[in-house]
$ cat model24.csv   # CSV, C-alpha atoms
chain,number,residue,atom,x,y,z
A,1,MET,CA,27.2,32.7,-1.0
A,2,ASN,CA,25.3,33.1,-4.3
A,3,THR,CA,26.0,29.5,-5.1
A,4,LEU,CA,24.4,28.4,-1.9
A,5,TRP,CA,21.2,30.1,-2.8
A,6,ILE,CA,21.2,28.4,-6.2
A,7,ILE,CA,21.8,25.0,-4.4
A,8,ILE,CA,18.8,25.6,-2.1
A,9,ALA,CA,16.6,26.4,-5.1
A,10,VAL,CA,17.7,23.3,-7.0
A,11,LEU,CA,17.2,21.0,-3.9
A,12,LEU,CA,13.7,22.3,-3.4
A,13,ALA,CA,12.9,21.9,-7.1
A,14,VAL,CA,14.1,18.3,-7.2
A,15,ALA,CA,12.1,17.5,-4.0
A,16,ALA,CA,9.0,19.0,-5.5
A,17,LEU,CA,9.4,17.0,-8.7
A,18,MET,CA,9.8,13.8,-6.7
A,19,SER,CA,6.7,14.6,-4.7
A,20,MET,CA,4.7,15.3,-7.9
A,21,VAL,CA,5.8,11.9,-9.3
A,22,ARG,CA,4.4,10.3,-6.1
A,23,LEU,CA,1.3,12.5,-6.6
A,24,LEU,CA,0.8,10.9,-10.1
A,25,LEU,CA,1.7,7.3,-9.1
A,26,GLY,CA,0.2,7.2,-5.6
A,27,PRO,CA,-1.7,4.0,-5.3
A,28,SER,CA,-4.3,5.4,-2.8
A,29,ILE,CA,-5.9,8.8,-2.2
A,30,LEU,CA,-4.2,9.0,1.1
A,31,ASP,CA,-0.8,8.8,-0.6
A,32,ARG,CA,-1.8,11.6,-2.8
A,33,ALA,CA,-3.0,13.7,0.1
A,34,LEU,CA,0.3,13.0,1.8
A,35,SER,CA,2.3,14.1,-1.2
A,36,VAL,CA,0.2,17.3,-1.5
A,37,ASP,CA,1.0,17.9,2.1
A,38,ALA,CA,4.7,17.5,1.5
A,39,LEU,CA,4.5,19.7,-1.6
A,40,LEU,CA,2.9,22.4,0.6
A,41,ALA,CA,5.8,22.0,3.1
A,42,PHE,CA,8.3,22.4,0.2
A,43,SER,CA,6.5,25.6,-1.0
A,44,LEU,CA,6.6,26.9,2.5
A,45,THR,CA,10.3,26.4,2.5
A,46,GLY,CA,10.6,28.0,-0.9
A,47,LEU,CA,8.7,31.1,0.1
A,48,GLY,CA,10.8,31.3,3.2
A,49,ALA,CA,13.9,31.1,1.1
A,50,TYR,CA,12.6,33.9,-1.1
A,51,ALA,CA,11.8,36.0,1.9
A,52,ALA,CA,15.3,35.4,3.4
A,53,PHE,CA,17.0,36.1,0.0
A,54,ASN,CA,15.3,39.4,-0.6
A,55,ARG,CA,15.1,40.4,3.1
A,56,ASP,CA,11.4,40.9,2.4
A,57,PRO,CA,8.9,40.3,5.2
A,58,THR,CA,5.8,40.8,3.0
A,59,VAL,CA,5.4,37.1,2.2
A,60,LEU,CA,5.4,36.0,5.9
A,61,PRO,CA,1.5,36.2,6.2
A,62,THR,CA,1.4,33.8,3.2
A,63,LEU,CA,3.4,31.3,5.2
A,64,LEU,CA,0.9,31.6,8.0
A,65,VAL,CA,-2.1,30.9,5.7
A,66,LEU,CA,-0.3,28.0,4.0
A,67,SER,CA,0.6,26.4,7.3
A,68,LEU,CA,-3.0,26.3,8.3
A,69,LEU,CA,-4.3,25.3,4.9
A,70,GLY,CA,-2.2,22.1,4.8
A,71,PHE,CA,-3.8,20.9,8.1
A,72,VAL,CA,-7.3,21.6,6.9
A,73,GLY,CA,-6.7,19.9,3.5
A,74,SER,CA,-5.2,16.7,4.8
A,75,VAL,CA,-7.7,16.3,7.6
A,76,SER,CA,-10.7,16.8,5.4
A,77,ILE,CA,-9.4,14.3,2.8
A,78,ALA,CA,-8.8,11.8,5.5
A,79,LYS,CA,-12.3,12.3,6.9
A,80,PHE,CA,-13.8,12.0,3.4
A,81,VAL,CA,-12.0,8.7,2.9
A,82,ALA,CA,-13.2,7.4,6.3
A,83,ARG,CA,-16.8,8.4,5.6
A,84,ARG,CA,-16.8,6.9,2.1
A,85,THR,CA,-15.3,3.5,3.0
A,86,GLU,CA,-17.2,3.2,6.3
A,87,SER,CA,-20.4,2.0,4.7
A,88,HIS,CA,-18.6,-0.8,2.7
A,89,ASP,CA,-16.6,-2.0,5.7
A,90,ASP,CA,-17.7,-4.7,8.1
A,91,GLU,CA,-16.3,-2.8,11.0
A,92,GLY,CA,-18.3,0.4,10.4
A,93,PRO,CA,-21.3,1.5,12.4
A,94,SER,CA,-24.2,-0.6,11.7
A,95,VAL,CA,-26.5,2.4,11.1
A,96,PHE,CA,-24.8,3.1,7.8
A,97,ARG,CA,-24.9,-0.6,6.8
A,98,LEU,CA,-28.6,-0.9,7.6
A,99,ALA,CA,-29.4,2.2,5.7
A,100,GLU,CA,-27.5,1.1,2.6
A,101,ASP,CA,-29.0,-2.5,2.8
A,102,THR,CA,-32.5,-1.1,2.8
A,103,VAL,CA,-31.8,1.2,-0.1
A,104,GLU,CA,-30.4,-1.7,-2.1
A,105,GLU,CA,-33.4,-3.9,-1.3
A,106,GLU,CA,-35.8,-1.2,-2.2
A,107,GLY,CA,-34.0,-0.8,-5.5
A,108,LYS,CA,-34.3,-4.5,-6.2
A,109,THR,CA,-38.0,-4.8,-5.4
A,110,SER,CA,-39.1,-1.8,-7.3
B,1,MET,CA,24.9,46.6,14.5
B,2,SER,CA,28.4,46.0,13.1
B,3,GLU,CA,29.0,44.7,9.6
B,4,GLU,CA,30.8,41.6,10.6
B,5,PHE,CA,28.1,40.5,13.0
B,6,VAL,CA,25.5,40.8,10.3
B,7,GLN,CA,27.6,38.7,8.0
B,8,ILE,CA,28.0,36.0,10.6
B,9,LEU,CA,24.2,36.0,11.1
B,10,ASP,CA,23.8,35.7,7.3
B,11,TRP,CA,26.0,32.7,7.2
B,12,ILE,CA,24.2,31.0,10.0
B,13,ALA,CA,20.9,31.8,8.3
B,14,ILE,CA,21.9,30.4,5.0
B,15,LEU,CA,23.2,27.2,6.7
B,16,CYS,CA,19.8,26.8,8.3
B,17,LEU,CA,18.0,27.3,5.0
B,18,LEU,CA,20.4,24.8,3.3
B,19,ALA,CA,19.6,22.2,6.0
B,20,GLY,CA,15.9,22.8,5.5
B,21,ALA,CA,16.2,22.3,1.7
B,22,LEU,CA,18.3,19.2,2.3
B,23,LEU,CA,15.5,17.8,4.5
B,24,SER,CA,13.0,18.6,1.8
B,25,LEU,CA,15.1,16.6,-0.7
B,26,ILE,CA,15.4,13.7,1.7
B,27,ALA,CA,11.6,13.8,2.1
B,28,GLY,CA,11.2,13.8,-1.7
B,29,ILE,CA,13.4,10.7,-2.1
B,30,GLY,CA,11.6,9.0,0.8
B,31,LEU,CA,8.2,9.7,-0.8
B,32,LEU,CA,9.4,8.2,-4.0
B,33,ARG,CA,11.2,5.2,-2.7
B,34,PHE,CA,9.3,4.0,0.4
B,35,PRO,CA,6.9,1.1,-0.1
B,36,ASP,CA,3.8,2.0,1.9
B,37,LEU,CA,1.7,4.8,3.5
B,38,LEU,CA,3.2,4.7,7.0
B,39,SER,CA,6.8,4.8,6.0
B,40,ARG,CA,6.0,7.6,3.5
B,41,MET,CA,4.4,9.5,6.3
B,42,HIS,CA,7.5,9.0,8.3
B,43,ALA,CA,9.6,10.5,5.5
B,44,ALA,CA,7.3,13.3,4.6
B,45,SER,CA,6.9,14.7,8.1
B,46,LYS,CA,10.6,15.7,8.5
B,47,PRO,CA,10.5,18.9,6.4
B,48,GLN,CA,7.1,19.8,7.8
B,49,VAL,CA,8.4,20.3,11.3
B,50,LEU,CA,12.2,20.3,11.6
B,51,GLY,CA,12.8,21.7,8.1
B,52,LEU,CA,10.2,24.5,8.5
B,53,LEU,CA,11.5,25.4,11.9
B,54,LEU,CA,15.1,25.7,10.5
B,55,VAL,CA,13.8,27.8,7.7
B,56,LEU,CA,12.0,30.1,10.1
B,57,VAL,CA,15.1,30.5,12.1
B,58,GLY,CA,16.9,31.4,8.9
B,59,ILE,CA,14.4,34.0,7.9
B,60,GLY,CA,14.5,35.5,11.3
B,61,LEU,CA,18.2,35.8,11.3
B,62,ARG,CA,18.2,37.3,7.9
B,63,ILE,CA,15.3,39.8,8.3
B,64,LEU,CA,15.2,40.8,11.9
B,65,PRO,CA,18.6,42.6,12.3
B,66,GLN,CA,17.8,44.8,9.3
B,67,GLU,CA,14.4,46.1,10.5
B,68,GLU,CA,13.7,48.9,12.8
B,69,THR,CA,10.7,47.3,14.4
B,70,GLY,CA,10.7,43.6,13.7
B,71,VAL,CA,7.8,42.8,16.1
B,72,PHE,CA,5.3,42.0,13.4
B,73,SER,CA,7.7,39.7,11.5
B,74,ALA,CA,8.9,38.0,14.6
B,75,GLY,CA,5.4,37.4,15.7
B,76,THR,CA,4.4,36.0,12.4
B,77,LEU,CA,7.4,33.6,12.4
B,78,VAL,CA,6.6,32.4,15.8
B,79,LEU,CA,2.9,31.9,14.9
B,80,VAL,CA,3.8,29.9,11.8
B,81,GLY,CA,6.1,27.6,13.8
B,82,LEU,CA,3.5,27.2,16.5
B,83,PHE,CA,0.7,26.3,14.1
B,84,GLN,CA,2.9,23.8,12.2
B,85,VAL,CA,4.1,22.1,15.4
B,86,VAL,CA,0.6,21.8,16.7
B,87,THR,CA,-1.2,20.8,13.5
B,88,VAL,CA,1.2,18.4,11.8
B,89,PRO,CA,1.0,15.7,14.5
B,90,VAL,CA,-2.8,15.9,14.5
B,91,ALA,CA,-3.1,15.6,10.8
B,92,GLY,CA,-0.5,12.8,10.7
B,93,HIS,CA,-2.5,10.9,13.4
B,94,ILE,CA,-5.8,11.3,11.5
B,95,VAL,CA,-4.3,10.2,8.2
B,96,ALA,CA,-2.5,7.2,9.8
B,97,ARG,CA,-5.7,6.2,11.6
B,98,VAL,CA,-7.8,6.3,8.5
B,99,GLY,CA,-5.1,4.4,6.5
B,100,TYR,CA,-5.0,1.7,9.2
B,101,ARG,CA,-8.7,1.3,9.5
B,102,THR,CA,-9.4,1.2,5.8
B,103,GLY,CA,-6.6,-1.3,5.2
B,104,ARG,CA,-4.3,0.9,3.1
B,105,ILE,CA,-1.1,-0.1,4.8
B,106,ARG,CA,1.1,-3.2,4.3
B,107,ARG,CA,0.8,-5.4,7.3
B,108,ASP,CA,3.8,-7.6,6.3
B,109,LEU,CA,6.1,-4.6,6.8
B,110,LEU,CA,4.9,-3.9,10.4
B,111,GLY,CA,7.2,-5.1,13.1
B,112,THR,CA,4.6,-5.2,15.9
B,113,ASP,CA,0.9,-4.4,15.6
B,114,GLU,CA,-0.4,-3.6,19.0
B,115,LEU,CA,-3.5,-1.9,17.8
B,116,ALA,CA,-4.7,-5.1,16.2
B,117,ASP,CA,-4.5,-7.0,19.5
B,118,ARG,CA,-6.3,-4.1,21.2
B,119,LEU,CA,-9.1,-4.0,18.7
B,120,GLU,CA,-9.4,-7.8,18.9
B,121,SER,CA,-9.8,-7.7,22.7
B,122,ASP,CA,-12.2,-4.8,22.4
B,123,ARG,CA,-14.4,-6.8,20.0
B,124,PHE,CA,-14.5,-9.7,22.6
B,125,THR,CA,-15.6,-7.5,25.4
B,126,LYS,CA,-18.1,-5.5,23.4
B,127,SER,CA,-19.6,-8.4,21.5
B,128,GLY,CA,-23.3,-7.7,21.1
B,129,ALA,CA,-23.0,-4.0,21.9
B,130,GLU,CA,-22.8,-1.5,19.1
B,131,ASN,CA,-19.3,-1.0,17.9
B,132,ASN,CA,-18.9,2.7,17.5
B,133,VAL,CA,-15.2,3.2,17.9
B,134,SER,CA,-14.3,4.6,14.5
$ encode --input "model24.csv" --output "structure tokens"
Amino acid sequence: MNTLWIIIAVLLAVAALMSMVRLLLGPSILDRALSVDALLAFSLTGLGAYAAFNRDPTVLPTLLVLSLLGFVGSVSIAKFVARRTESHDDEGPSVFRLAEDTVEEEGKTS
Amino acid sequence: MSEEFVQILDWIAILCLLAGALLSLIAGIGLLRFPDLLSRMHAASKPQVLGLLLVLVGIGLRILPQEETGVFSAGTLVLVGLFQVVTVPVAGHIVARVGYRTGRIRRDLLGTDELADRLESDRFTKSGAENNVS
């Protein structure tokens, strides 16, 4: 039974390492957000394994906080990416485009 | 509760935890090896829902038989599972939507792209009007 606990820890560590490699390599910011999300899921699993190993229910509120934190983090990063690229995109709302165009023209004329 | 019963529960719990850790490893390999954002999301959402639920079942089987009043722990476990099941699809949907609309996915890997046809027909019907779908 002890071996199985060690195997669980090693599996989680290898998974977290792979996710961190993707965090370093990730071509776009959304890939990085995704790998952070996966890293959070691995840490949830690790904390859960700790709680189960020690029969210790004190870390369970931490699981609650982490499970909400991952949602807020990935959604806010996605919204940030959408807002930032919207103004440079042809498909975005024309309000942003117009505002940026006028700003650029003012910069040129002054 | 008898000793043998608790041991059987422990074995079931550790098998659940092992399955959760195995799903995490699979997600790590998928994150590292898959070529674009959508397939990585497909790989990464396995431990977020199924793996976490397995781990929560494992924790419950391990902690609850030992406690006198396990209401608080059981409630916390159920809440964690509920939040994760509700929030992970929403977050995945938003990330995939932003990735699609900002062109961060590889279109040559898509089998069918029904959203592109839909957007194209929307542009025809709404030509002239303000396009505020995003």
$ interface_residues --input "model24.csv" --of "chain B" --to "chain A" --cutoff "8 Å" --atoms "only C-alpha atoms" --output "PyMOL selection string"
chain B and resi 14+17-18+20-22+24-29+31-32+37+41+44-45+47-48+51-52+55-56+58-60+62-63+73+76-77+79-80+83-84+87-88+91+94-95+98-99+102+104+130-132+134
$ atom_distance --input "model24.csv" --atom1 "CA of Leu23 (chain B)" --atom2 "CA of Ser39 (chain B)"
15.7 Å
$ closest_residue --input "model24.csv" --among "B:Leu109, B:Val85, B:Arg101, B:Val57" --to "Cys16 (chain B)" --atoms "all atoms listed in the file"
B:Val57
